[in-house]
Amino acid sequence: MRGLVYHGKGDIRCEQVPDPTLETADGAIVRVVKTAICGSDLHLYHGDLPVPSGFTMGHEFVGEVTETGSGVSGFRTGDRVIVSGVIGCGACARCRAGQVIRCERHETRVFGMSPELHGGQAEAVAVPGADHAMTRIPDGVSDEQAVLLTDILPTGYYGARRAEIEPGDTVVVIGAGPVGIQALLCAQLFGPARIFQVDRVPERLALVEKLGAIPLHADQADEALVEATDGQGADTVIEAVGSDATIHKALVYARSGGTVSVVGVNTSPALPFPMGLALMKNLTFRTGLVPVQELWPNLVPLVASGRLTPEIVFNHHVGLSDGAEAYRRFNDREDGILKVLLDPLA
Ligand SMILES: [Zn+2]
Ligand SMILES: [Zn+2]
């Protein structure tokens, strides 16, 4: 079969790879129907992660079960499934509760980030611990929507839920990329009066305005937010970028006693953190990786009913054979590419 293989910094190739095989009785083989490129895949593309090359990339994919191990009870051949981008051992109490990030056996893994677990930017994938890694795609949810349930919609929802938005609140979302847009859609579920969204890219600001946010260019956001809140700051801030500077801004934009919820990925071992500011404002600061499986019971029905339309982020559709070029263009943000959907059959 074909897959997008990581060959080191800036070098991704669509090439022939071995078909996946069932390695454990609790696993399943999934034929990929749709897969997406994520902002976190660009960390690999930039060579930021110290991993050996030679593995298939991708942690955002959905498909159809073609084979199950003897220990799989919840799925059978032919089922259309969403596969979580992140999995744990699947057997410990926390994994069974969907909190695979906090797996008690420390077996938390992300598909397609290292040779340990091949990813889904391919024609097929082996999914270990299938009963806990997957859920069925119900009627009313398209493959395109389902792909977003593997990672970025749950991430946006996690950020919004942990921001503790109350009806009537003023919210700031920093970042209007794919995750920031999911965070906006999810923040709206909690009934805030206003959501300001900060970014630097005009097309992204235009899109979030259409979706109901008040767009702010990053260069004007500080002043605009002071004015809009009478100098008090926002009740809650969701950070969806992950840079040192934007995390600092999140702390600045929050009011006294407010909440800052960071879902942007920042793995700095020594982030300069304004403790004095956080202390004097009595801020609540939250961050963490999304427990995808735990949030499916909330999110799958919201998508199925039409309350959430996460698929608006896809504005670039290409075949797997053009995947390497899609990475380059996504990285360079050519033509305003926001999110890439890959068709494994093309
Ligand atoms: Zn992702
Ligand atoms: Zn576990």
# chains A, B, ... in the order shown; residues from 1 in each chain; ligands from 1

$ residues_around --residues "Thr170 (chain A)" --least-positions-apart "3" --cutoff "12 Å" --atoms "only C-alpha atoms" --output "PyMOL selection string"
chain A and resi 163-167+173+187-188+190-197+213-214+225+228-230+232-238+253-255+258-259

$ residues_around --residues "region 260-267 of chain A" --least-positions-apart "4" --cutoff "8 Å" --atoms "only C-alpha atoms" --output "ChimeraX atom specification"
/A:155-156,158-160,162-163,236-244,247,250-251,254,283-289

$ residues_near_ligand --ligand "ligand 1" --cutoff "8 Å" --atoms "only C-alpha atoms and all ligand atoms" --output "list in words"
Ile37, Cys38, Gly39, Ser40, Asp41, Gly58, His59, Glu60, Gly85, Thr150, Asp151 and Ile152 of chain A

$ write_last_selection --atoms "N, CA, C and O atoms" --output "PDB file, in the first residue's frame"
ATOM      1  N   ILE A  37      -3.914  16.548   7.559  1.00  0.00           N
ATOM      2  CA  ILE A  37      -2.613  16.983   8.076  1.00  0.00           C
ATOM      3  C   ILE A  37      -2.887  17.962   9.210  1.00  0.00           C
ATOM      4  O   ILE A  37      -3.748  18.838   9.092  1.00  0.00           O
ATOM      5  N   CYS A  38      -2.155  17.791  10.306  1.00  0.00           N
ATOM      6  CA  CYS A  38      -2.359  18.597  11.502  1.00  0.00           C
ATOM      7  C   CYS A  38      -1.193  19.556  11.689  1.00  0.00           C
ATOM      8  O   CYS A  38      -0.079  19.281  11.247  1.00  0.00           O
ATOM      9  N   GLY A  39      -1.444  20.653  12.377  1.00  0.00           N
ATOM     10  CA  GLY A  39      -0.358  21.561  12.737  1.00  0.00           C
ATOM     11  C   GLY A  39       0.747  20.836  13.480  1.00  0.00           C
ATOM     12  O   GLY A  39       1.937  21.152  13.325  1.00  0.00           O
ATOM     13  N   SER A  40       0.391  19.842  14.299  1.00  0.00           N
ATOM     14  CA  SER A  40       1.449  19.123  15.037  1.00  0.00           C
ATOM     15  C   SER A  40       2.308  18.270  14.114  1.00  0.00           C
ATOM     16  O   SER A  40       3.454  17.971  14.439  1.00  0.00           O
ATOM     17  N   ASP A  41       1.772  17.880  12.952  1.00  0.00           N
ATOM     18  CA  ASP A  41       2.615  17.151  11.988  1.00  0.00           C
ATOM     19  C   ASP A  41       3.760  18.050  11.507  1.00  0.00           C
ATOM     20  O   ASP A  41       4.808  17.552  11.085  1.00  0.00           O
ATOM     21  N   GLY A  58       0.817  10.741  10.451  1.00  0.00           N
ATOM     22  CA  GLY A  58      -0.614  11.035  10.509  1.00  0.00           C
ATOM     23  C   GLY A  58      -1.345  10.467  11.712  1.00  0.00           C
ATOM     24  O   GLY A  58      -1.305   9.262  11.964  1.00  0.00           O
ATOM     25  N   HIS A  59      -2.014  11.347  12.463  1.00  0.00           N
ATOM     26  CA  HIS A  59      -2.806  10.889  13.621  1.00  0.00           C
ATOM     27  C   HIS A  59      -4.275  11.288  13.483  1.00  0.00           C
ATOM     28  O   HIS A  59      -5.043  11.096  14.407  1.00  0.00           O
ATOM     29  N   GLU A  60      -4.645  11.851  12.316  1.00  0.00           N
ATOM     30  CA  GLU A  60      -6.043  12.238  12.123  1.00  0.00           C
ATOM     31  C   GLU A  60      -6.584  11.438  10.939  1.00  0.00           C
ATOM     32  O   GLU A  60      -6.322  11.772   9.788  1.00  0.00           O
ATOM     33  N   GLY A  85      -6.535  10.070  17.747  1.00  0.00           N
ATOM     34  CA  GLY A  85      -5.140  10.312  17.395  1.00  0.00           C
ATOM     35  C   GLY A  85      -4.180   9.856  18.459  1.00  0.00           C
ATOM     36  O   GLY A  85      -3.017   9.567  18.191  1.00  0.00           O
ATOM     37  N   THR A 150     -11.043  13.189  15.577  1.00  0.00           N
ATOM     38  CA  THR A 150      -9.876  12.405  16.010  1.00  0.00           C
ATOM     39  C   THR A 150      -8.926  13.231  16.866  1.00  0.00           C
ATOM     40  O   THR A 150      -8.098  12.695  17.577  1.00  0.00           O
ATOM     41  N   ASP A 151      -8.991  14.572  16.735  1.00  0.00           N
ATOM     42  CA  ASP A 151      -8.050  15.420  17.457  1.00  0.00           C
ATOM     43  C   ASP A 151      -8.529  16.854  17.648  1.00  0.00           C
ATOM     44  O   ASP A 151      -8.813  17.277  18.777  1.00  0.00           O
ATOM     45  N   ILE A 152      -8.646  17.642  16.548  1.00  0.00           N
ATOM     46  CA  ILE A 152      -8.717  19.089  16.785  1.00  0.00           C
ATOM     47  C   ILE A 152     -10.057  19.585  17.307  1.00  0.00           C
ATOM     48  O   ILE A 152     -10.087  20.561  18.047  1.00  0.00           O
TER      49      ILE A 152
END

$ residues_near_ligand --ligand "ligand 2" --cutoff "12 Å" --atoms "only C-alpha atoms and all ligand atoms" --output "PyMOL selection string"
chain A and resi 86-109+129+132-133

$ select_by_dssp --residues "region 99-201 of chain A" --states "strand (DSSP E or B)" --output "ChimeraX atom specification"
/A:109-110,114,117,122,124-127,134-136,170-174,194-199

$ write_last_selection --atoms "N, CA, C and O atoms" --output "mmCIF file, in the first residue's frame"
data_model
loop_
_atom_site.group_PDB
_atom_site.id
_atom_site.type_symbol
_atom_site.label_atom_id
_atom_site.label_comp_id
_atom_site.auth_asym_id
_atom_site.auth_seq_id
_atom_site.Cartn_x
_atom_site.Cartn_y
_atom_site.Cartn_z
ATOM 1 N N ARG A 109 0.476 6.996 23.470
ATOM 2 C CA ARG A 109 1.191 7.142 22.189
ATOM 3 C C ARG A 109 0.318 7.869 21.184
ATOM 4 O O ARG A 109 -0.902 7.745 21.231
ATOM 5 N N VAL A 110 0.962 8.587 20.283
ATOM 6 C CA VAL A 110 0.253 9.284 19.207
ATOM 7 C C VAL A 110 0.598 8.574 17.902
ATOM 8 O O VAL A 110 1.766 8.246 17.652
ATOM 9 N N SER A 114 6.254 8.637 15.523
ATOM 10 C CA SER A 114 7.526 7.923 15.693
ATOM 11 C C SER A 114 7.365 6.520 15.102
ATOM 12 O O SER A 114 6.240 6.093 14.830
ATOM 13 N N LEU A 117 4.548 3.667 16.322
ATOM 14 C CA LEU A 117 3.148 3.502 15.953
ATOM 15 C C LEU A 117 2.905 4.203 14.614
ATOM 16 O O LEU A 117 2.806 5.424 14.549
ATOM 17 N N ALA A 122 -2.124 7.095 5.044
ATOM 18 C CA ALA A 122 -1.810 5.864 4.320
ATOM 19 C C ALA A 122 -3.124 5.219 3.893
ATOM 20 O O ALA A 122 -4.199 5.694 4.254
ATOM 21 N N ALA A 124 -4.028 2.193 4.827
ATOM 22 C CA ALA A 124 -4.555 1.392 5.932
ATOM 23 C C ALA A 124 -3.643 1.543 7.153
ATOM 24 O O ALA A 124 -2.492 1.945 7.029
ATOM 25 N N VAL A 125 -4.206 1.222 8.329
ATOM 26 C CA VAL A 125 -3.479 1.371 9.598
ATOM 27 C C VAL A 125 -3.804 0.207 10.529
ATOM 28 O O VAL A 125 -4.939 -0.270 10.539
ATOM 29 N N ALA A 126 -2.819 -0.207 11.329
ATOM 30 C CA ALA A 126 -3.079 -1.150 12.416
ATOM 31 C C ALA A 126 -3.379 -0.339 13.669
ATOM 32 O O ALA A 126 -2.609 0.546 14.032
ATOM 33 N N VAL A 127 -4.518 -0.619 14.305
ATOM 34 C CA VAL A 127 -4.931 0.111 15.514
ATOM 35 C C VAL A 127 -4.874 -0.835 16.715
ATOM 36 O O VAL A 127 -5.697 -1.741 16.825
ATOM 37 N N MET A 134 -11.265 3.439 19.322
ATOM 38 C CA MET A 134 -12.172 3.782 18.223
ATOM 39 C C MET A 134 -13.611 3.987 18.716
ATOM 40 O O MET A 134 -14.001 3.517 19.771
ATOM 41 N N THR A 135 -14.372 4.702 17.898
ATOM 42 C CA THR A 135 -15.823 4.758 18.084
ATOM 43 C C THR A 135 -16.465 4.737 16.703
ATOM 44 O O THR A 135 -15.831 5.116 15.717
ATOM 45 N N ARG A 136 -17.721 4.266 16.637
ATOM 46 C CA ARG A 136 -18.400 4.203 15.335
ATOM 47 C C ARG A 136 -18.787 5.589 14.845
ATOM 48 O O ARG A 136 -19.106 6.463 15.645
ATOM 49 N N THR A 170 -17.328 37.389 28.768
ATOM 50 C CA THR A 170 -16.487 37.863 27.668
ATOM 51 C C THR A 170 -15.306 36.910 27.546
ATOM 52 O O THR A 170 -14.586 36.669 28.527
ATOM 53 N N VAL A 171 -15.142 36.357 26.352
ATOM 54 C CA VAL A 171 -14.108 35.358 26.102
ATOM 55 C C VAL A 171 -13.127 35.905 25.065
ATOM 56 O O VAL A 171 -13.537 36.585 24.127
ATOM 57 N N VAL A 172 -11.843 35.585 25.235
ATOM 58 C CA VAL A 172 -10.867 35.844 24.173
ATOM 59 C C VAL A 172 -10.302 34.501 23.710
ATOM 60 O O VAL A 172 -9.925 33.674 24.551
ATOM 61 N N VAL A 173 -10.282 34.276 22.412
ATOM 62 C CA VAL A 173 -9.589 33.115 21.854
ATOM 63 C C VAL A 173 -8.365 33.642 21.118
ATOM 64 O O VAL A 173 -8.496 34.483 20.220
ATOM 65 N N ILE A 174 -7.193 33.203 21.520
ATOM 66 C CA ILE A 174 -5.966 33.631 20.835
ATOM 67 C C ILE A 174 -5.597 32.580 19.797
ATOM 68 O O ILE A 174 -5.385 31.412 20.123
ATOM 69 N N ARG A 194 -19.797 37.585 24.417
ATOM 70 C CA ARG A 194 -18.918 38.033 23.325
ATOM 71 C C ARG A 194 -17.685 37.137 23.286
ATOM 72 O O ARG A 194 -17.144 36.769 24.344
ATOM 73 N N ILE A 195 -17.238 36.852 22.077
ATOM 74 C CA ILE A 195 -15.962 36.157 21.910
ATOM 75 C C ILE A 195 -15.085 36.994 20.986
ATOM 76 O O ILE A 195 -15.433 37.205 19.822
ATOM 77 N N PHE A 196 -13.984 37.485 21.526
ATOM 78 C CA PHE A 196 -12.991 38.165 20.696
ATOM 79 C C PHE A 196 -11.994 37.117 20.227
ATOM 80 O O PHE A 196 -11.618 36.228 20.994
ATOM 81 N N GLN A 197 -11.558 37.240 18.958
ATOM 82 C CA GLN A 197 -10.572 36.271 18.476
ATOM 83 C C GLN A 197 -9.404 37.005 17.835
ATOM 84 O O GLN A 197 -9.587 37.883 16.992
ATOM 85 N N VAL A 198 -8.202 36.647 18.275
ATOM 86 C CA VAL A 198 -6.992 37.382 17.909
ATOM 87 C C VAL A 198 -6.132 36.552 16.952
ATOM 88 O O VAL A 198 -5.876 35.368 17.208
ATOM 89 N N ASP A 199 -5.706 37.165 15.869
ATOM 90 C CA ASP A 199 -4.802 36.497 14.917
ATOM 91 C C ASP A 199 -4.121 37.588 14.083
ATOM 92 O O ASP A 199 -4.385 38.782 14.276
#

$ atom_distance --atom1 "CA of Phe111 (chain A)" --atom2 "CA of Asp26 (chain A)"
16.5 Å

$ residues_around --residues "Met57 (chain A)" --least-positions-apart "5" --cutoff "7 Å" --atoms "only C-alpha atoms" --output "NGL selection string"
:A and (4-6 or 112-113 or 118-121)

$ residues_around --residues "Met280 (chain A)" --least-positions-apart "5" --cutoff "10 Å" --atoms "only C-alpha atoms" --output "ChimeraX atom specification"
/A:256-257,275

$ closest_residue --among "A:Ala324, A:Leu342, A:Val65, A:Ile12" --to "Ser53 (chain A)" --atoms "only C-alpha atoms"
A:Ile12

$ closest_residue --among "A:Leu148, A:Ala270, A:Gly47, A:Phe55" --to "Ile82 (chain A)" --atoms "only C-alpha atoms"
A:Leu148

$ residues_around --residues "Phe75 (chain A)" --least-positions-apart "3" --cutoff "8 Å" --atoms "only C-alpha atoms" --output "ChimeraX atom specification"
/A:65,68,72,79,131

$ closest_atom_pairs --of "region 302-325 of chain A" --to "region 205-212 of chain A" --cutoff "12 Å" --atoms "only C-alpha atoms" --output "Markdown table"
| residue | atom | partner | partner_atom | distance |
| --- | --- | --- | --- | --- |
| A:Leu308 | CA | A:Leu211 | CA | 11.4 |
| A:Thr309 | CA | A:Leu211 | CA | 10.4 |
| A:Pro310 | CA | A:Leu211 | CA | 11.0 |
| A:Ile312 | CA | A:Leu207 | CA | 9.3 |
| A:Val313 | CA | A:Leu207 | CA | 9.4 |
| A:Asn315 | CA | A:Leu207 | CA | 11.7 |

$ write_last_selection --atoms "N, CA, C and O atoms" --output "PDB file, in the first residue's frame"
ATOM      1  N   LEU A 308     -22.699  21.429  15.778  1.00  0.00           N
ATOM      2  CA  LEU A 308     -21.304  21.787  15.490  1.00  0.00           C
ATOM      3  C   LEU A 308     -20.992  21.443  14.037  1.00  0.00           C
ATOM      4  O   LEU A 308     -21.319  20.349  13.571  1.00  0.00           O
ATOM      5  N   THR A 309     -20.360  22.392  13.344  1.00  0.00           N
ATOM      6  CA  THR A 309     -19.969  22.166  11.944  1.00  0.00           C
ATOM      7  C   THR A 309     -18.462  22.398  11.810  1.00  0.00           C
ATOM      8  O   THR A 309     -18.021  23.401  11.238  1.00  0.00           O
ATOM      9  N   PRO A 310     -17.678  21.479  12.355  1.00  0.00           N
ATOM     10  CA  PRO A 310     -16.228  21.671  12.418  1.00  0.00           C
ATOM     11  C   PRO A 310     -15.549  21.670  11.056  1.00  0.00           C
ATOM     12  O   PRO A 310     -14.454  22.211  10.904  1.00  0.00           O
ATOM     13  N   ILE A 312     -15.764  23.282   8.428  1.00  0.00           N
ATOM     14  CA  ILE A 312     -15.472  24.549   7.733  1.00  0.00           C
ATOM     15  C   ILE A 312     -13.978  24.844   7.637  1.00  0.00           C
ATOM     16  O   ILE A 312     -13.574  25.682   6.858  1.00  0.00           O
ATOM     17  N   VAL A 313     -13.158  24.164   8.446  1.00  0.00           N
ATOM     18  CA  VAL A 313     -11.712  24.447   8.394  1.00  0.00           C
ATOM     19  C   VAL A 313     -11.036  23.844   7.165  1.00  0.00           C
ATOM     20  O   VAL A 313      -9.965  24.287   6.764  1.00  0.00           O
ATOM     21  N   ASN A 315     -10.064  23.586   3.680  1.00  0.00           N
ATOM     22  CA  ASN A 315     -10.140  24.375   2.444  1.00  0.00           C
ATOM     23  C   ASN A 315      -9.134  23.897   1.404  1.00  0.00           C
ATOM     24  O   ASN A 315      -8.851  24.584   0.437  1.00  0.00           O
TER      25      ASN A 315
END

$ closest_residue --among "A:Val33, A:Cys14, A:Val51, A:Ala28" --to "Ser70 (chain A)" --atoms "only C-alpha atoms"
A:Ala28

$ closest_residue --among "A:Leu189, A:Ala183, A:Val81, A:Val17" --to "Asn298 (chain A)" --atoms "only C-alpha atoms"
A:Leu189

$ atom_distance --atom1 "CA of Val32 (chain A)" --atom2 "CA of Asp343 (chain A)"
8.6 Å

$ atom_distance --atom1 "CA of Gly63 (chain A)" --atom2 "CA of Arg80 (chain A)"
5.7 Å

$ closest_residue --among "A:Thr56, A:Gln16, A:Thr24, A:Gln145" --to "Leu341 (chain A)" --atoms "only C-alpha atoms"
A:Gln145

$ select_by_dssp --residues "region 44-286 of chain A" --states "alpha helix (DSSP H)" --output "short mmCIF file (atom, residue, chain, number, x, y, z; two decimals) with N, CA and C atoms, in the first residue's frame"
data_model
loop_
_atom_site.label_atom_id
_atom_site.label_comp_id
_atom_site.auth_asym_id
_atom_site.auth_seq_id
_atom_site.Cartn_x
_atom_site.Cartn_y
_atom_site.Cartn_z
N LEU A 44 7.14 17.67 13.19
CA LEU A 44 7.99 16.65 12.57
C LEU A 44 8.64 17.21 11.31
N TYR A 45 7.81 17.85 10.49
CA TYR A 45 8.28 18.41 9.22
C TYR A 45 9.44 19.38 9.44
N ALA A 93 -7.52 1.59 34.42
CA ALA A 93 -8.78 2.27 34.76
C ALA A 93 -8.91 3.61 34.05
N ARG A 94 -7.81 4.36 33.97
CA ARG A 94 -7.91 5.67 33.33
C ARG A 94 -8.15 5.54 31.82
N CYS A 95 -7.48 4.61 31.18
CA CYS A 95 -7.73 4.41 29.75
C CYS A 95 -9.18 4.00 29.51
N ARG A 96 -9.71 3.13 30.38
CA ARG A 96 -11.09 2.68 30.18
C ARG A 96 -12.07 3.83 30.38
N ALA A 130 -8.15 -1.70 19.94
CA ALA A 130 -9.21 -1.11 19.11
C ALA A 130 -10.47 -0.75 19.89
N ASP A 131 -10.85 -1.57 20.87
CA ASP A 131 -12.09 -1.29 21.61
C ASP A 131 -12.04 0.08 22.31
N HIS A 132 -10.85 0.51 22.68
CA HIS A 132 -10.73 1.78 23.41
C HIS A 132 -10.22 2.91 22.53
N ALA A 133 -9.70 2.57 21.36
CA ALA A 133 -9.13 3.60 20.48
C ALA A 133 -10.14 4.15 19.49
N ASP A 143 -17.58 11.71 6.72
CA ASP A 143 -16.19 11.30 6.94
C ASP A 143 -15.32 12.53 7.25
N GLU A 144 -15.63 13.61 6.55
CA GLU A 144 -14.88 14.85 6.73
C GLU A 144 -15.03 15.38 8.17
N GLN A 145 -16.25 15.34 8.67
CA GLN A 145 -16.49 15.77 10.06
C GLN A 145 -15.82 14.82 11.02
N ALA A 146 -15.90 13.52 10.70
CA ALA A 146 -15.36 12.50 11.60
C ALA A 146 -13.85 12.68 11.78
N VAL A 147 -13.15 13.08 10.71
CA VAL A 147 -11.69 13.28 10.81
C VAL A 147 -11.38 14.31 11.89
N LEU A 148 -12.24 15.31 12.03
CA LEU A 148 -11.97 16.36 13.01
C LEU A 148 -12.24 15.89 14.43
N ILE A 152 -8.65 17.64 16.55
CA ILE A 152 -8.72 19.09 16.78
C ILE A 152 -10.06 19.59 17.31
N LEU A 153 -11.17 18.92 16.96
CA LEU A 153 -12.44 19.34 17.58
C LEU A 153 -12.41 19.03 19.09
N PRO A 154 -12.04 17.81 19.49
CA PRO A 154 -11.90 17.56 20.93
C PRO A 154 -10.92 18.54 21.60
N THR A 155 -9.84 18.89 20.91
CA THR A 155 -8.87 19.83 21.51
C THR A 155 -9.53 21.20 21.75
N GLY A 156 -10.25 21.68 20.75
CA GLY A 156 -10.94 22.96 20.91
C GLY A 156 -11.98 22.91 22.02
N TYR A 157 -12.69 21.80 22.09
CA TYR A 157 -13.71 21.63 23.13
C TYR A 157 -13.08 21.56 24.52
N TYR A 158 -11.97 20.85 24.59
CA TYR A 158 -11.25 20.72 25.87
C TYR A 158 -10.82 22.10 26.36
N GLY A 159 -10.30 22.91 25.44
CA GLY A 159 -9.89 24.26 25.79
C GLY A 159 -11.07 25.09 26.28
N ALA A 160 -12.20 24.97 25.60
CA ALA A 160 -13.38 25.76 25.96
C ALA A 160 -13.98 25.27 27.28
N ARG A 161 -14.05 23.97 27.46
CA ARG A 161 -14.65 23.44 28.69
C ARG A 161 -13.83 23.84 29.90
N PRO A 178 -6.83 26.29 12.65
CA PRO A 178 -7.83 25.22 12.73
C PRO A 178 -8.28 24.92 14.16
N VAL A 179 -7.34 24.88 15.12
CA VAL A 179 -7.72 24.59 16.50
C VAL A 179 -8.45 25.78 17.12
N GLY A 180 -7.98 27.00 16.84
CA GLY A 180 -8.64 28.19 17.36
C GLY A 180 -10.08 28.30 16.87
N ILE A 181 -10.31 27.86 15.64
CA ILE A 181 -11.68 27.90 15.10
C ILE A 181 -12.56 26.86 15.80
N GLN A 182 -12.01 25.68 16.06
CA GLN A 182 -12.79 24.68 16.82
C GLN A 182 -13.08 25.20 18.22
N ALA A 183 -12.09 25.89 18.81
CA ALA A 183 -12.29 26.45 20.16
C ALA A 183 -13.40 27.50 20.15
N LEU A 184 -13.45 28.30 19.09
CA LEU A 184 -14.52 29.29 18.96
C LEU A 184 -15.89 28.60 18.91
N LEU A 185 -16.01 27.60 18.02
CA LEU A 185 -17.30 26.91 17.87
C LEU A 185 -17.74 26.28 19.19
N CYS A 186 -16.76 25.74 19.92
CA CYS A 186 -17.10 25.07 21.18
C CYS A 186 -17.38 26.08 22.29
N ALA A 187 -16.64 27.20 22.30
CA ALA A 187 -16.90 28.24 23.32
C ALA A 187 -18.34 28.73 23.20
N PRO A 202 -5.39 38.01 7.82
CA PRO A 202 -6.68 38.64 7.50
C PRO A 202 -7.77 37.63 7.11
N GLU A 203 -7.43 36.61 6.29
CA GLU A 203 -8.48 35.66 5.86
C GLU A 203 -9.02 34.88 7.06
N ARG A 204 -8.15 34.58 7.99
CA ARG A 204 -8.60 33.83 9.17
C ARG A 204 -9.51 34.70 10.03
N LEU A 205 -9.15 35.97 10.17
CA LEU A 205 -9.98 36.89 10.95
C LEU A 205 -11.34 37.06 10.29
N ALA A 206 -11.34 37.10 8.95
CA ALA A 206 -12.61 37.24 8.23
C ALA A 206 -13.48 36.01 8.45
N LEU A 207 -12.86 34.85 8.46
CA LEU A 207 -13.63 33.61 8.66
C LEU A 207 -14.25 33.56 10.06
N VAL A 208 -13.47 33.89 11.10
CA VAL A 208 -14.03 33.80 12.46
C VAL A 208 -15.11 34.86 12.68
N GLU A 209 -14.99 35.97 11.96
CA GLU A 209 -16.05 36.98 12.08
C GLU A 209 -17.36 36.41 11.53
N LYS A 210 -17.26 35.70 10.39
CA LYS A 210 -18.46 35.07 9.82
C LYS A 210 -19.06 34.06 10.80
N ALA A 218 -3.72 41.06 15.95
CA ALA A 218 -2.85 40.96 17.13
C ALA A 218 -2.20 42.30 17.49
N ASP A 219 -1.89 43.10 16.49
CA ASP A 219 -1.24 44.39 16.77
C ASP A 219 -2.16 45.38 17.47
N GLN A 220 -3.46 45.21 17.29
CA GLN A 220 -4.40 46.15 17.92
C GLN A 220 -5.15 45.55 19.11
N ALA A 221 -4.89 44.27 19.39
CA ALA A 221 -5.72 43.55 20.36
C ALA A 221 -5.58 44.11 21.78
N ASP A 222 -4.36 44.47 22.18
CA ASP A 222 -4.15 44.91 23.57
C ASP A 222 -5.06 46.10 23.89
N GLU A 223 -4.96 47.12 23.05
CA GLU A 223 -5.75 48.33 23.28
C GLU A 223 -7.24 48.06 23.15
N ALA A 224 -7.61 47.32 22.11
CA ALA A 224 -9.03 47.06 21.85
C ALA A 224 -9.67 46.32 23.03
N LEU A 225 -8.93 45.40 23.62
CA LEU A 225 -9.51 44.61 24.72
C LEU A 225 -9.62 45.45 25.99
N VAL A 226 -8.65 46.32 26.22
CA VAL A 226 -8.74 47.21 27.38
C VAL A 226 -10.00 48.06 27.26
N GLU A 227 -10.20 48.60 26.04
CA GLU A 227 -11.35 49.46 25.82
C GLU A 227 -12.67 48.68 25.95
N ALA A 228 -12.71 47.51 25.34
CA ALA A 228 -13.96 46.74 25.29
C ALA A 228 -14.37 46.23 26.67
N ASP A 244 5.48 31.19 23.27
CA ASP A 244 5.73 31.83 24.56
C ASP A 244 4.98 33.16 24.63
N ALA A 245 5.03 33.91 23.53
CA ALA A 245 4.45 35.26 23.52
C ALA A 245 2.92 35.22 23.67
N THR A 246 2.26 34.27 23.00
CA THR A 246 0.79 34.24 23.07
C THR A 246 0.31 33.71 24.42
N ILE A 247 1.09 32.84 25.05
CA ILE A 247 0.71 32.37 26.39
C ILE A 247 0.82 33.55 27.37
N HIS A 248 1.85 34.35 27.20
CA HIS A 248 1.99 35.55 28.03
C HIS A 248 0.80 36.49 27.81
N LYS A 249 0.42 36.67 26.55
CA LYS A 249 -0.73 37.54 26.24
C LYS A 249 -2.00 37.02 26.90
N ALA A 250 -2.17 35.71 26.92
CA ALA A 250 -3.37 35.13 27.52
C ALA A 250 -3.48 35.55 28.98
N LEU A 251 -2.35 35.56 29.68
CA LEU A 251 -2.35 35.96 31.09
C LEU A 251 -2.65 37.45 31.22
N VAL A 252 -2.18 38.23 30.27
CA VAL A 252 -2.42 39.68 30.28
C VAL A 252 -3.90 39.98 30.02
N TYR A 253 -4.50 39.25 29.07
CA TYR A 253 -5.88 39.55 28.66
C TYR A 253 -6.92 39.13 29.70
N MET A 275 4.88 35.21 36.87
CA MET A 275 4.25 34.76 38.12
C MET A 275 3.59 35.91 38.87
N GLY A 276 4.24 37.08 38.86
CA GLY A 276 3.70 38.22 39.59
C GLY A 276 2.30 38.58 39.08
N LEU A 277 2.16 38.56 37.77
CA LEU A 277 0.88 38.88 37.13
C LEU A 277 -0.18 37.85 37.51
N ALA A 278 0.18 36.58 37.40
CA ALA A 278 -0.77 35.50 37.71
C ALA A 278 -1.16 35.55 39.18
N LEU A 279 -0.20 35.83 40.03
CA LEU A 279 -0.44 35.88 41.48
C LEU A 279 -1.36 37.05 41.82
N MET A 280 -1.03 38.23 41.32
CA MET A 280 -1.79 39.42 41.70
C MET A 280 -3.19 39.42 41.11
#

$ decode --residues "region 168-176 of chain A" --atoms "N, CA and C atoms" --output "PDB file, in the first residue's frame"
ATOM      1  N   GLY A 168     -23.014  34.797  29.416  1.00  0.00           N
ATOM      2  CA  GLY A 168     -22.804  36.237  29.559  1.00  0.00           C
ATOM      3  C   GLY A 168     -21.354  36.664  29.615  1.00  0.00           C
ATOM      4  N   ASP A 169     -20.450  35.710  29.680  1.00  0.00           N
ATOM      5  CA  ASP A 169     -19.020  36.026  29.797  1.00  0.00           C
ATOM      6  C   ASP A 169     -18.445  36.698  28.545  1.00  0.00           C
ATOM      7  N   THR A 170     -17.328  37.389  28.768  1.00  0.00           N
ATOM      8  CA  THR A 170     -16.487  37.863  27.668  1.00  0.00           C
ATOM      9  C   THR A 170     -15.306  36.910  27.546  1.00  0.00           C
ATOM     10  N   VAL A 171     -15.142  36.357  26.352  1.00  0.00           N
ATOM     11  CA  VAL A 171     -14.108  35.358  26.102  1.00  0.00           C
ATOM     12  C   VAL A 171     -13.127  35.905  25.065  1.00  0.00           C
ATOM     13  N   VAL A 172     -11.843  35.585  25.235  1.00  0.00           N
ATOM     14  CA  VAL A 172     -10.867  35.844  24.173  1.00  0.00           C
ATOM     15  C   VAL A 172     -10.302  34.501  23.710  1.00  0.00           C
ATOM     16  N   VAL A 173     -10.282  34.276  22.412  1.00  0.00           N
ATOM     17  CA  VAL A 173      -9.589  33.115  21.854  1.00  0.00           C
ATOM     18  C   VAL A 173      -8.365  33.642  21.118  1.00  0.00           C
ATOM     19  N   ILE A 174      -7.193  33.203  21.520  1.00  0.00           N
ATOM     20  CA  ILE A 174      -5.966  33.631  20.835  1.00  0.00           C
ATOM     21  C   ILE A 174      -5.597  32.580  19.797  1.00  0.00           C
ATOM     22  N   GLY A 175      -5.570  33.005  18.529  1.00  0.00           N
ATOM     23  CA  GLY A 175      -5.292  32.077  17.430  1.00  0.00           C
ATOM     24  C   GLY A 175      -6.569  31.763  16.674  1.00  0.00           C
ATOM     25  N   ALA A 176      -6.535  31.966  15.344  1.00  0.00           N
ATOM     26  CA  ALA A 176      -7.690  31.624  14.503  1.00  0.00           C
ATOM     27  C   ALA A 176      -7.282  30.599  13.458  1.00  0.00           C
TER      28      ALA A 176
END
